[in-house]
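Data block for run_26.pdb (PDB, C-alpha atoms and all ligand atoms):
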ATOM      1  CA  MET A  21      52.169 -68.311  75.545  1.00  0.00           C
ATOM      2  CA  TYR A  22      50.326 -68.068  72.232  1.00  0.00           C
ATOM      3  CA  ILE A  23      48.050 -65.040  71.951  1.00  0.00           C
ATOM      4  CA  GLY A  24      47.851 -64.916  68.144  1.00  0.00           C
ATOM      5  CA  ARG A  25      47.660 -61.478  66.599  1.00  0.00           C
ATOM      6  CA  PHE A  26      47.970 -58.624  69.065  1.00  0.00           C
ATOM      7  CA  LEU A  27      47.984 -54.860  69.363  1.00  0.00           C
ATOM      8  CA  VAL A  28      50.115 -52.774  71.681  1.00  0.00           C
ATOM      9  CA  VAL A  29      49.278 -49.161  72.473  1.00  0.00           C
ATOM     10  CA  GLY A  30      51.587 -47.132  74.642  1.00  0.00           C
ATOM     11  CA  LYS A  31      54.136 -44.417  75.105  1.00  0.00           C
ATOM     12  CA  THR A  32      57.891 -44.526  74.826  1.00  0.00           C
ATOM     13  CA  LYS A  33      59.926 -43.610  77.886  1.00  0.00           C
ATOM     14  CA  GLU A  34      60.194 -40.084  76.413  1.00  0.00           C
ATOM     15  CA  GLY A  35      56.407 -39.914  76.042  1.00  0.00           C
ATOM     16  CA  LYS A  36      55.803 -40.506  72.328  1.00  0.00           C
ATOM     17  CA  VAL A  37      52.466 -42.209  71.661  1.00  0.00           C
ATOM     18  CA  PHE A  38      52.490 -45.281  69.430  1.00  0.00           C
ATOM     19  CA  GLY A  39      50.252 -48.061  68.146  1.00  0.00           C
ATOM     20  CA  ALA A  40      51.778 -51.399  67.185  1.00  0.00           C
ATOM     21  CA  TYR A  41      50.503 -54.604  65.671  1.00  0.00           C
ATOM     22  CA  ARG A  42      52.139 -58.004  65.636  1.00  0.00           C
ATOM     23  CA  VAL A  43      51.162 -60.967  63.529  1.00  0.00           C
ATOM     24  CA  SER A  44      51.888 -64.156  65.401  1.00  0.00           C
ATOM     25  CA  SER A  45      50.619 -67.180  63.512  1.00  0.00           C
ATOM     26  CA  ARG A  46      50.750 -70.958  63.739  1.00  0.00           C
ATOM     27  CA  SER A  47      48.696 -71.596  60.599  1.00  0.00           C
ATOM     28  CA  PHE A  48      49.822 -68.886  58.166  1.00  0.00           C
ATOM     29  CA  PRO A  49      53.397 -67.929  59.101  1.00  0.00           C
ATOM     30  CA  ASN A  50      54.558 -67.220  55.540  1.00  0.00           C
ATOM     31  CA  ARG A  51      53.436 -63.613  55.582  1.00  0.00           C
ATOM     32  CA  GLU A  52      55.002 -60.198  55.819  1.00  0.00           C
ATOM     33  CA  ALA A  53      54.183 -56.622  56.717  1.00  0.00           C
ATOM     34  CA  ARG A  54      54.613 -54.234  53.822  1.00  0.00           C
ATOM     35  CA  LYS A  55      54.490 -50.438  53.788  1.00  0.00           C
ATOM     36  CA  LEU A  56      52.132 -49.613  50.908  1.00  0.00           C
ATOM     37  CA  ASN A  57      52.527 -45.846  51.177  1.00  0.00           C
ATOM     38  CA  GLU A  58      53.244 -43.254  53.866  1.00  0.00           C
ATOM     39  CA  ASN A  59      49.854 -43.877  55.510  1.00  0.00           C
ATOM     40  CA  THR A  60      49.276 -47.610  55.184  1.00  0.00           C
ATOM     41  CA  ILE A  61      50.846 -50.899  56.246  1.00  0.00           C
ATOM     42  CA  ALA A  62      49.438 -54.195  54.932  1.00  0.00           C
ATOM     43  CA  ILE A  63      49.824 -57.824  55.967  1.00  0.00           C
ATOM     44  CA  LEU A  64      50.253 -60.082  52.943  1.00  0.00           C
ATOM     45  CA  PRO A  65      51.137 -63.702  52.242  1.00  0.00           C
ATOM     46  CA  LYS A  66      54.559 -63.970  50.618  1.00  0.00           C
ATOM     47  CA  ASP A  67      52.952 -66.155  47.957  1.00  0.00           C
ATOM     48  CA  LEU A  68      49.913 -64.105  46.961  1.00  0.00           C
ATOM     49  CA  ASN A  69      48.016 -67.280  45.928  1.00  0.00           C
ATOM     50  CA  GLU A  70      47.813 -68.066  49.657  1.00  0.00           C
ATOM     51  CA  MET A  71      45.377 -65.218  50.193  1.00  0.00           C
ATOM     52  CA  PHE A  72      42.574 -67.308  48.672  1.00  0.00           C
ATOM     53  CA  LYS A  73      43.024 -70.002  51.334  1.00  0.00           C
ATOM     54  CA  ASN A  74      41.557 -67.884  54.111  1.00  0.00           C
ATOM     55  CA  PRO A  75      39.618 -64.591  53.984  1.00  0.00           C
ATOM     56  CA  TYR A  76      41.216 -63.222  57.173  1.00  0.00           C
ATOM     57  CA  ILE A  77      44.942 -63.277  56.440  1.00  0.00           C
ATOM     58  CA  THR A  78      45.366 -60.350  54.009  1.00  0.00           C
ATOM     59  CA  TYR A  79      44.483 -56.816  55.078  1.00  0.00           C
ATOM     60  CA  ASN A  80      45.728 -53.384  56.031  1.00  0.00           C
ATOM     61  CA  CYS A  81      46.800 -53.457  59.674  1.00  0.00           C
ATOM     62  CA  ILE A  82      47.671 -49.745  60.077  1.00  0.00           C
ATOM     63  CA  LYS A  83      46.099 -46.741  58.448  1.00  0.00           C
ATOM     64  CA  VAL A  84      46.824 -43.097  59.259  1.00  0.00           C
ATOM     65  CA  VAL A  85      44.139 -40.534  58.495  1.00  0.00           C
ATOM     66  CA  ASN A  86      45.215 -36.969  59.129  1.00  0.00           C
ATOM     67  CA  LYS A  87      46.698 -37.213  62.635  1.00  0.00           C
ATOM     68  CA  THR A  88      44.808 -40.341  63.715  1.00  0.00           C
ATOM     69  CA  VAL A  89      46.129 -43.896  63.695  1.00  0.00           C
ATOM     70  CA  VAL A  90      43.930 -46.965  63.184  1.00  0.00           C
ATOM     71  CA  VAL A  91      45.397 -50.386  63.984  1.00  0.00           C
ATOM     72  CA  SER A  92      43.597 -53.712  63.642  1.00  0.00           C
ATOM     73  CA  ASN A  93      43.841 -57.397  62.813  1.00  0.00           C
ATOM     74  CA  GLY A  94      41.674 -57.387  59.696  1.00  0.00           C
ATOM     75  CA  ILE A  95      39.919 -55.541  56.924  1.00  0.00           C
ATOM     76  CA  HIS A  96      38.025 -53.563  59.553  1.00  0.00           C
ATOM     77  CA  THR A  97      41.067 -51.213  59.642  1.00  0.00           C
ATOM     78  CA  ASP A  98      39.789 -49.608  56.443  1.00  0.00           C
ATOM     79  CA  PHE A  99      36.180 -49.356  57.583  1.00  0.00           C
ATOM     80  CA  ILE A 100      37.164 -47.771  60.907  1.00  0.00           C
ATOM     81  CA  ALA A 101      39.370 -45.308  59.008  1.00  0.00           C
ATOM     82  CA  GLU A 102      36.447 -44.412  56.738  1.00  0.00           C
ATOM     83  CA  LYS A 103      34.151 -43.765  59.719  1.00  0.00           C
ATOM     84  CA  LEU A 104      36.473 -41.540  61.743  1.00  0.00           C
ATOM     85  CA  HIS A 105      34.092 -38.629  61.202  1.00  0.00           C
ATOM     86  CA  PHE A 106      31.903 -40.424  63.806  1.00  0.00           C
ATOM     87  CA  GLY A 107      34.679 -39.789  66.339  1.00  0.00           C
ATOM     88  CA  LYS A 108      37.385 -42.232  67.429  1.00  0.00           C
ATOM     89  CA  ARG A 109      35.327 -44.166  69.970  1.00  0.00           C
ATOM     90  CA  ASP A 110      32.198 -44.420  67.881  1.00  0.00           C
ATOM     91  CA  ALA A 111      33.993 -45.392  64.663  1.00  0.00           C
ATOM     92  CA  LEU A 112      35.630 -48.291  66.506  1.00  0.00           C
ATOM     93  CA  THR A 113      32.430 -49.316  68.286  1.00  0.00           C
ATOM     94  CA  TYR A 114      30.262 -49.125  65.184  1.00  0.00           C
ATOM     95  CA  VAL A 115      32.553 -51.122  62.923  1.00  0.00           C
ATOM     96  CA  LEU A 116      33.280 -53.843  65.504  1.00  0.00           C
ATOM     97  CA  ALA A 117      29.553 -54.253  66.166  1.00  0.00           C
ATOM     98  CA  VAL A 118      28.652 -54.429  62.489  1.00  0.00           C
ATOM     99  CA  MET A 119      31.482 -56.746  61.421  1.00  0.00           C
ATOM    100  CA  ASP A 120      31.435 -59.085  64.427  1.00  0.00           C
ATOM    101  CA  TYR A 121      34.051 -61.771  65.142  1.00  0.00           C
ATOM    102  CA  GLU A 122      35.563 -63.853  62.365  1.00  0.00           C
ATOM    103  CA  LYS A 123      33.556 -66.874  61.307  1.00  0.00           C
ATOM    104  CA  ASP A 124      36.525 -69.252  61.255  1.00  0.00           C
ATOM    105  CA  GLU A 125      37.034 -72.440  63.238  1.00  0.00           C
ATOM    106  CA  TYR A 126      38.298 -70.451  66.264  1.00  0.00           C
ATOM    107  CA  ASN A 127      35.700 -67.666  66.239  1.00  0.00           C
ATOM    108  CA  THR A 128      38.738 -65.383  66.165  1.00  0.00           C
ATOM    109  CA  PRO A 129      37.963 -61.971  67.695  1.00  0.00           C
ATOM    110  CA  ARG A 130      38.391 -58.720  65.820  1.00  0.00           C
ATOM    111  CA  ILE A 131      40.593 -56.309  67.737  1.00  0.00           C
ATOM    112  CA  GLY A 132      41.324 -52.664  67.048  1.00  0.00           C
ATOM    113  CA  ALA A 133      42.768 -49.418  68.336  1.00  0.00           C
ATOM    114  CA  VAL A 134      42.211 -45.790  67.365  1.00  0.00           C
ATOM    115  CA  LEU A 135      44.585 -43.187  68.748  1.00  0.00           C
ATOM    116  CA  ASP A 136      46.008 -39.763  68.318  1.00  0.00           C
ATOM    117  CA  LYS A 137      48.307 -37.603  70.432  1.00  0.00           C
ATOM    118  CA  GLU A 138      45.546 -36.866  72.931  1.00  0.00           C
ATOM    119  CA  GLU A 139      43.571 -40.077  73.409  1.00  0.00           C
ATOM    120  CA  CYS A 140      43.518 -43.790  72.708  1.00  0.00           C
ATOM    121  CA  TYR A 141      40.697 -46.337  72.445  1.00  0.00           C
ATOM    122  CA  LEU A 142      41.073 -50.104  72.420  1.00  0.00           C
ATOM    123  CA  GLY A 143      38.288 -52.463  71.384  1.00  0.00           C
ATOM    124  CA  TYR A 144      37.398 -56.007  70.490  1.00  0.00           C
ATOM    125  CA  VAL A 145      34.451 -58.142  69.497  1.00  0.00           C
ATOM    126  CA  SER A 146      34.523 -61.830  70.355  1.00  0.00           C
ATOM    127  CA  CYS A 147      31.816 -64.498  70.281  1.00  0.00           C
ATOM    128  CA  GLU A 148      31.229 -63.741  73.977  1.00  0.00           C
ATOM    129  CA  ASP A 149      31.338 -59.997  74.288  1.00  0.00           C
ATOM    130  CA  ILE A 150      32.125 -56.648  72.771  1.00  0.00           C
ATOM    131  CA  ARG A 151      34.014 -53.824  74.431  1.00  0.00           C
ATOM    132  CA  VAL A 152      35.526 -50.463  73.604  1.00  0.00           C
ATOM    133  CA  LYS A 153      37.490 -48.592  76.240  1.00  0.00           C
ATOM    134  CA  LYS A 154      39.454 -45.383  76.501  1.00  0.00           C
ATOM    135  CA  VAL A 155      42.931 -46.174  77.757  1.00  0.00           C
ATOM    136  CA  ASN A 156      45.258 -43.764  79.557  1.00  0.00           C
ATOM    137  CA  LEU A 157      48.766 -44.315  78.308  1.00  0.00           C
ATOM    138  CA  LYS A 158      51.838 -44.057  80.549  1.00  0.00           C
ATOM    139  CA  ASN A 159      55.443 -43.310  79.655  1.00  0.00           C
ATOM    140  CA  GLY A 160      57.487 -46.456  79.063  1.00  0.00           C
ATOM    141  CA  LYS A 161      54.456 -48.786  79.199  1.00  0.00           C
ATOM    142  CA  GLY A 162      52.276 -50.540  76.642  1.00  0.00           C
ATOM    143  CA  TYR A 163      48.927 -52.302  76.894  1.00  0.00           C
ATOM    144  CA  TYR A 164      48.470 -55.373  74.727  1.00  0.00           C
ATOM    145  CA  LEU A 165      45.284 -56.921  73.444  1.00  0.00           C
ATOM    146  CA  GLY A 166      45.504 -60.311  71.738  1.00  0.00           C
ATOM    147  CA  VAL A 167      43.034 -62.555  69.964  1.00  0.00           C
ATOM    148  CA  TYR A 168      43.630 -65.723  72.047  1.00  0.00           C
ATOM    149  CA  ASN A 169      44.138 -65.954  75.828  1.00  0.00           C
ATOM    150  CA  ALA A 170      44.560 -62.185  76.032  1.00  0.00           C
ATOM    151  CA  CYS A 171      41.367 -60.774  74.579  1.00  0.00           C
ATOM    152  CA  SER A 172      40.626 -58.271  77.301  1.00  0.00           C
ATOM    153  CA  ILE A 173      41.377 -54.660  78.103  1.00  0.00           C
ATOM    154  CA  ASP A 174      42.992 -54.935  81.455  1.00  0.00           C
ATOM    155  CA  GLU A 175      45.745 -53.202  83.416  1.00  0.00           C
ATOM    156  CA  SER A 176      47.379 -56.604  83.938  1.00  0.00           C
ATOM    157  CA  GLN A 177      48.111 -56.738  80.203  1.00  0.00           C
ATOM    158  CA  GLU A 178      50.867 -54.175  80.527  1.00  0.00           C
ATOM    159  CA  ILE A 179      54.428 -54.531  79.246  1.00  0.00           C
ATOM    160  CA  GLU A 180      57.574 -52.430  79.467  1.00  0.00           C
ATOM    161  CA  ILE A 181      58.440 -50.556  76.277  1.00  0.00           C
ATOM    162  CA  GLU A 182      61.967 -50.238  74.923  1.00  0.00           C
ATOM    163  CA  GLY A 183      62.818 -47.948  72.024  1.00  0.00           C
ATOM    164  CA  GLU A 184      62.103 -44.402  70.910  1.00  0.00           C
ATOM    165  CA  THR A 185      61.650 -44.791  67.143  1.00  0.00           C
ATOM    166  CA  ALA A 186      59.061 -46.758  65.157  1.00  0.00           C
ATOM    167  CA  GLU A 187      61.843 -49.092  63.958  1.00  0.00           C
ATOM    168  CA  GLU A 188      63.123 -49.772  67.479  1.00  0.00           C
ATOM    169  CA  ILE A 189      59.636 -50.497  68.814  1.00  0.00           C
ATOM    170  CA  ALA A 190      58.817 -52.791  65.857  1.00  0.00           C
ATOM    171  CA  ASP A 191      61.998 -54.729  66.533  1.00  0.00           C
ATOM    172  CA  TYR A 192      61.303 -54.926  70.261  1.00  0.00           C
ATOM    173  CA  ILE A 193      57.707 -56.127  69.886  1.00  0.00           C
ATOM    174  CA  LEU A 194      58.474 -58.575  67.088  1.00  0.00           C
ATOM    175  CA  ASN A 195      61.098 -60.169  69.327  1.00  0.00           C
ATOM    176  CA  TYR A 196      59.047 -60.019  72.534  1.00  0.00           C
ATOM    177  CA  LYS A 197      59.824 -63.527  73.747  1.00  0.00           C
ATOM    178  CA  GLU A 198      56.801 -64.208  75.920  1.00  0.00           C
ATOM    179  CA  PHE A 199      54.450 -64.340  72.912  1.00  0.00           C
ATOM    180  CA  GLU A 200      55.047 -67.204  70.502  1.00  0.00           C
ATOM    181  CA  TYR A 201      55.142 -67.603  66.713  1.00  0.00           C
ATOM    182  CA  PRO A 202      56.272 -64.104  65.679  1.00  0.00           C
ATOM    183  CA  VAL A 203      55.827 -63.300  61.983  1.00  0.00           C
ATOM    184  CA  ALA A 204      55.772 -59.523  61.481  1.00  0.00           C
ATOM    185  CA  CYS A 205      55.305 -56.253  63.320  1.00  0.00           C
ATOM    186  CA  ALA A 206      54.023 -52.839  62.207  1.00  0.00           C
ATOM    187  CA  VAL A 207      54.268 -49.607  64.204  1.00  0.00           C
ATOM    188  CA  ALA A 208      52.968 -46.049  63.917  1.00  0.00           C
ATOM    189  CA  ILE A 209      54.517 -43.490  66.255  1.00  0.00           C
ATOM    190  CA  ILE A 210      53.278 -39.948  66.779  1.00  0.00           C
ATOM    191  CA  GLU A 211      56.130 -37.460  67.009  1.00  0.00           C
ATOM    192  CA  ASP A 212      55.158 -33.794  67.350  1.00  0.00           C
ATOM    193  CA  GLU A 213      53.273 -33.065  64.117  1.00  0.00           C
ATOM    194  CA  ASP A 214      54.463 -36.164  62.247  1.00  0.00           C
ATOM    195  CA  ILE A 215      53.484 -39.819  62.277  1.00  0.00           C
ATOM    196  CA  SER A 216      56.182 -42.310  61.289  1.00  0.00           C
ATOM    197  CA  LEU A 217      55.558 -45.895  60.241  1.00  0.00           C
ATOM    198  CA  ALA A 218      57.886 -48.871  60.414  1.00  0.00           C
ATOM    199  CA  ILE A 219      57.760 -52.589  59.765  1.00  0.00           C
ATOM    200  CA  LYS A 220      59.864 -55.497  60.876  1.00  0.00           C
ATOM    201  CA  ASN A 221      59.535 -58.998  59.440  1.00  0.00           C
ATOM    202  CA  LYS A 222      60.864 -62.171  61.002  1.00  0.00           C
ATOM    203  CA  ASN A 223      62.569 -63.517  57.876  1.00  0.00           C
TER     204      ASN A 223
HETATM  205  N1  LIG A 301      44.589 -61.369  61.156  1.00  0.00           N
HETATM  206  C1  LIG A 301      45.391 -62.363  60.850  1.00  0.00           C
HETATM  207  O1  LIG A 301      46.535 -62.150  60.454  1.00  0.00           O
HETATM  208  C2  LIG A 301      44.935 -63.751  60.992  1.00  0.00           C
HETATM  209  N2  LIG A 301      45.716 -64.792  60.797  1.00  0.00           N
HETATM  210  C3  LIG A 301      44.993 -65.881  61.015  1.00  0.00           C
HETATM  211  N3  LIG A 301      43.731 -65.543  61.360  1.00  0.00           N
HETATM  212  C4  LIG A 301      42.626 -66.452  61.643  1.00  0.00           C
HETATM  213  O2  LIG A 301      42.968 -67.184  62.818  1.00  0.00           O
HETATM  214  C5  LIG A 301      42.916 -68.588  62.543  1.00  0.00           C
HETATM  215  C6  LIG A 301      43.944 -69.276  63.356  1.00  0.00           C
HETATM  216  O3  LIG A 301      45.222 -68.873  62.937  1.00  0.00           O
HETATM  217  P1  LIG A 301      46.529 -69.248  63.796  1.00  0.00           P
HETATM  218  O4  LIG A 301      46.467 -70.723  63.997  1.00  0.00           O
HETATM  219  O5  LIG A 301      47.685 -68.826  62.914  1.00  0.00           O
HETATM  220  O6  LIG A 301      46.460 -68.476  65.083  1.00  0.00           O
HETATM  221  C7  LIG A 301      43.111 -68.707  61.035  1.00  0.00           C
HETATM  222  O7  LIG A 301      42.510 -69.880  60.539  1.00  0.00           O
HETATM  223  C8  LIG A 301      42.407 -67.464  60.526  1.00  0.00           C
HETATM  224  O8  LIG A 301      41.023 -67.684  60.366  1.00  0.00           O
HETATM  225  C9  LIG A 301      43.675 -64.214  61.397  1.00  0.00           C
HETATM  226  N4  LIG A 301      42.575 -63.497  61.798  1.00  0.00           N
HETATM  227  C10 LIG A 301      42.600 -62.676  62.873  1.00  0.00           C
HETATM  228  O9  LIG A 301      43.445 -62.481  63.674  1.00  0.00           O
END
Written as structure tokens, that's how I'd like the structure from this file.
Ligand SMILES: NC(=O)c1ncn([C@@H]2O[C@H](COP(=O)(O)O)[C@@H](O)[C@H]2O)c1NC=O
Amino acid sequence: MYIGRFLVVGKTKEGKVFGAYRVSSRSFPNREARKLNENTIAILPKDLNEMFKNPYITYNCIKVVNKTVVVSNGIHTDFIAEKLHFGKRDALTYVLAVMDYEKDEYNTPRIGAVLDKEECYLGYVSCEDIRVKKVNLKNGKGYYLGVYNACSIDESQEIEIEGETAEEIADYILNYKEFEYPVACAVAIIEDEDISLAIKNKN
């Protein structure tokens, strides 16, 4: 099944909260996740000239602000991170409403998650609806939210989670067979007082 870009929020079997993002792409597979600094992971074309071909393929997909993690499929990551003083739910809601879905040939939805140790919100804006929901995370389970064929916040969109470190989860989600065209995966995991980031690229 092709669900395009997707987020996974969940807990490891030992109860560590994480947010993950996978780029799956038919049209722009020559990209990679890159850790820009200890708080930020970006998605970039390997050939930087490619970024001018489409406005939606180059962006920060994870940003950590203090102890809060923002994950998304576009430049809205940065705007949500800048509005966190509104509160997690309202920052996500406000930015999704203002930015709307992508004006490409697929009306690709914007998806996002904002989470910390205590609570997690998932949200999306598509050409049909807009939704932000608080999600209760369970040990060893993850909820996914994808741009195509999986753009809903629903208990049926639950997967098992393997791995206890950011690296192990990035590897597991990048290689999650059910979802096609893997390109790159980025993960932020909250461990006690620290947040660790990891990336895994297909090639
Ligand atoms: N965020 C991304 O990495 C991203 N990659 C591709 N898109 C958009 O989605 C369209 C379809 O891409 P694809 O065929 O790779 O699923 C692209 O033309 C582009 O407008 C993206 N936009 C949102 O997901």
Closest-contact table, chain A side, partner ligand LIG 301 (chain A), 6 Å, counting all atoms listed in the file, as CSV:
residue,atom,partner,partner_atom,distance
A:Gly24,CA,A:LIG301,O6,4.9
A:Arg25,CA,A:LIG301,O9,5.2
A:Val43,CA,A:LIG301,O1,5.7
A:Ser45,CA,A:LIG301,O5,3.4
A:Arg46,CA,A:LIG301,O5,3.8
A:Ser47,CA,A:LIG301,O5,3.7
A:Phe48,CA,A:LIG301,O5,5.2
A:Tyr76,CA,A:LIG301,N4,4.8
A:Ile77,CA,A:LIG301,O1,4.5
A:Asn93,CA,A:LIG301,N1,4.4
A:Gly94,CA,A:LIG301,N1,5.1
A:Asp124,CA,A:LIG301,O8,4.8
A:Thr128,CA,A:LIG301,O2,5.7
Translate the PyMOL selection byres (((chain A and resi 211-220) around 10) and not hetatm), as applied to the file shown, into an explicit residue set as an mmCIF file with C-alpha atoms, in the frame of the given file.
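Below is the file part-v3.cif, written as the result:
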data_model
loop_
_atom_site.group_PDB
_atom_site.id
_atom_site.type_symbol
_atom_site.label_atom_id
_atom_site.label_comp_id
_atom_site.auth_asym_id
_atom_site.auth_seq_id
_atom_site.Cartn_x
_atom_site.Cartn_y
_atom_site.Cartn_z
ATOM 1 C CA GLY A 35 56.407 -39.914 76.042
ATOM 2 C CA LYS A 36 55.803 -40.506 72.328
ATOM 3 C CA VAL A 37 52.466 -42.209 71.661
ATOM 4 C CA PHE A 38 52.490 -45.281 69.430
ATOM 5 C CA GLY A 39 50.252 -48.061 68.146
ATOM 6 C CA ALA A 40 51.778 -51.399 67.185
ATOM 7 C CA TYR A 41 50.503 -54.604 65.671
ATOM 8 C CA ARG A 42 52.139 -58.004 65.636
ATOM 9 C CA GLU A 52 55.002 -60.198 55.819
ATOM 10 C CA ALA A 53 54.183 -56.622 56.717
ATOM 11 C CA ARG A 54 54.613 -54.234 53.822
ATOM 12 C CA LYS A 55 54.490 -50.438 53.788
ATOM 13 C CA ASN A 57 52.527 -45.846 51.177
ATOM 14 C CA GLU A 58 53.244 -43.254 53.866
ATOM 15 C CA ASN A 59 49.854 -43.877 55.510
ATOM 16 C CA THR A 60 49.276 -47.610 55.184
ATOM 17 C CA ILE A 61 50.846 -50.899 56.246
ATOM 18 C CA ALA A 62 49.438 -54.195 54.932
ATOM 19 C CA ILE A 82 47.671 -49.745 60.077
ATOM 20 C CA LYS A 83 46.099 -46.741 58.448
ATOM 21 C CA VAL A 84 46.824 -43.097 59.259
ATOM 22 C CA ASN A 86 45.215 -36.969 59.129
ATOM 23 C CA LYS A 87 46.698 -37.213 62.635
ATOM 24 C CA THR A 88 44.808 -40.341 63.715
ATOM 25 C CA VAL A 89 46.129 -43.896 63.695
ATOM 26 C CA ASP A 136 46.008 -39.763 68.318
ATOM 27 C CA LYS A 137 48.307 -37.603 70.432
ATOM 28 C CA GLU A 184 62.103 -44.402 70.910
ATOM 29 C CA THR A 185 61.650 -44.791 67.143
ATOM 30 C CA ALA A 186 59.061 -46.758 65.157
ATOM 31 C CA GLU A 187 61.843 -49.092 63.958
ATOM 32 C CA GLU A 188 63.123 -49.772 67.479
ATOM 33 C CA ILE A 189 59.636 -50.497 68.814
ATOM 34 C CA ALA A 190 58.817 -52.791 65.857
ATOM 35 C CA ASP A 191 61.998 -54.729 66.533
ATOM 36 C CA TYR A 192 61.303 -54.926 70.261
ATOM 37 C CA ILE A 193 57.707 -56.127 69.886
ATOM 38 C CA LEU A 194 58.474 -58.575 67.088
ATOM 39 C CA ASN A 195 61.098 -60.169 69.327
ATOM 40 C CA VAL A 203 55.827 -63.300 61.983
ATOM 41 C CA ALA A 204 55.772 -59.523 61.481
ATOM 42 C CA CYS A 205 55.305 -56.253 63.320
ATOM 43 C CA ALA A 206 54.023 -52.839 62.207
ATOM 44 C CA VAL A 207 54.268 -49.607 64.204
ATOM 45 C CA ALA A 208 52.968 -46.049 63.917
ATOM 46 C CA ILE A 209 54.517 -43.490 66.255
ATOM 47 C CA ILE A 210 53.278 -39.948 66.779
ATOM 48 C CA ASN A 221 59.535 -58.998 59.440
ATOM 49 C CA LYS A 222 60.864 -62.171 61.002
ATOM 50 C CA ASN A 223 62.569 -63.517 57.876
#
Quiz item: So which one's closest to Leu104 in chain A, A:Tyr168, A:Phe26, A:Leu64, A:Val134? Using all atoms listed in the file, please.
Solution: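 Closest candidate: A:Val134.
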Go ahead and fit an axis-aligned box to every listed atom of range 129-133 of chain A plus 3 Å each side, and pass me the centre and edge lengths in Å, one decimal, as lines of an AutoDock Vina configuration file.
center_x = 40.4
center_y = -55.7
center_z = 67.1
size_x = 10.8
size_y = 18.6
size_z = 8.5
Practice problem: Apply the PyMOL selection byres (((chain A and resi 163) around 10) and not hetatm) to the displayed file and report the matching residues as a list in words. | Solution: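 Selected by the PyMOL selection byres (((chain A and resi 163) around 10) and not hetatm) in this file: Leu27, Val28, Val29, Gly30, Lys31, Gly39, Leu142, Val155, Asn156, Leu157, Lys158, Lys161, Gly162, Tyr164, Leu165, Ile173, Asp174, Glu175, Ser176, Gln177, Glu178, Ile179, Glu180 and Ile181 of chain A.
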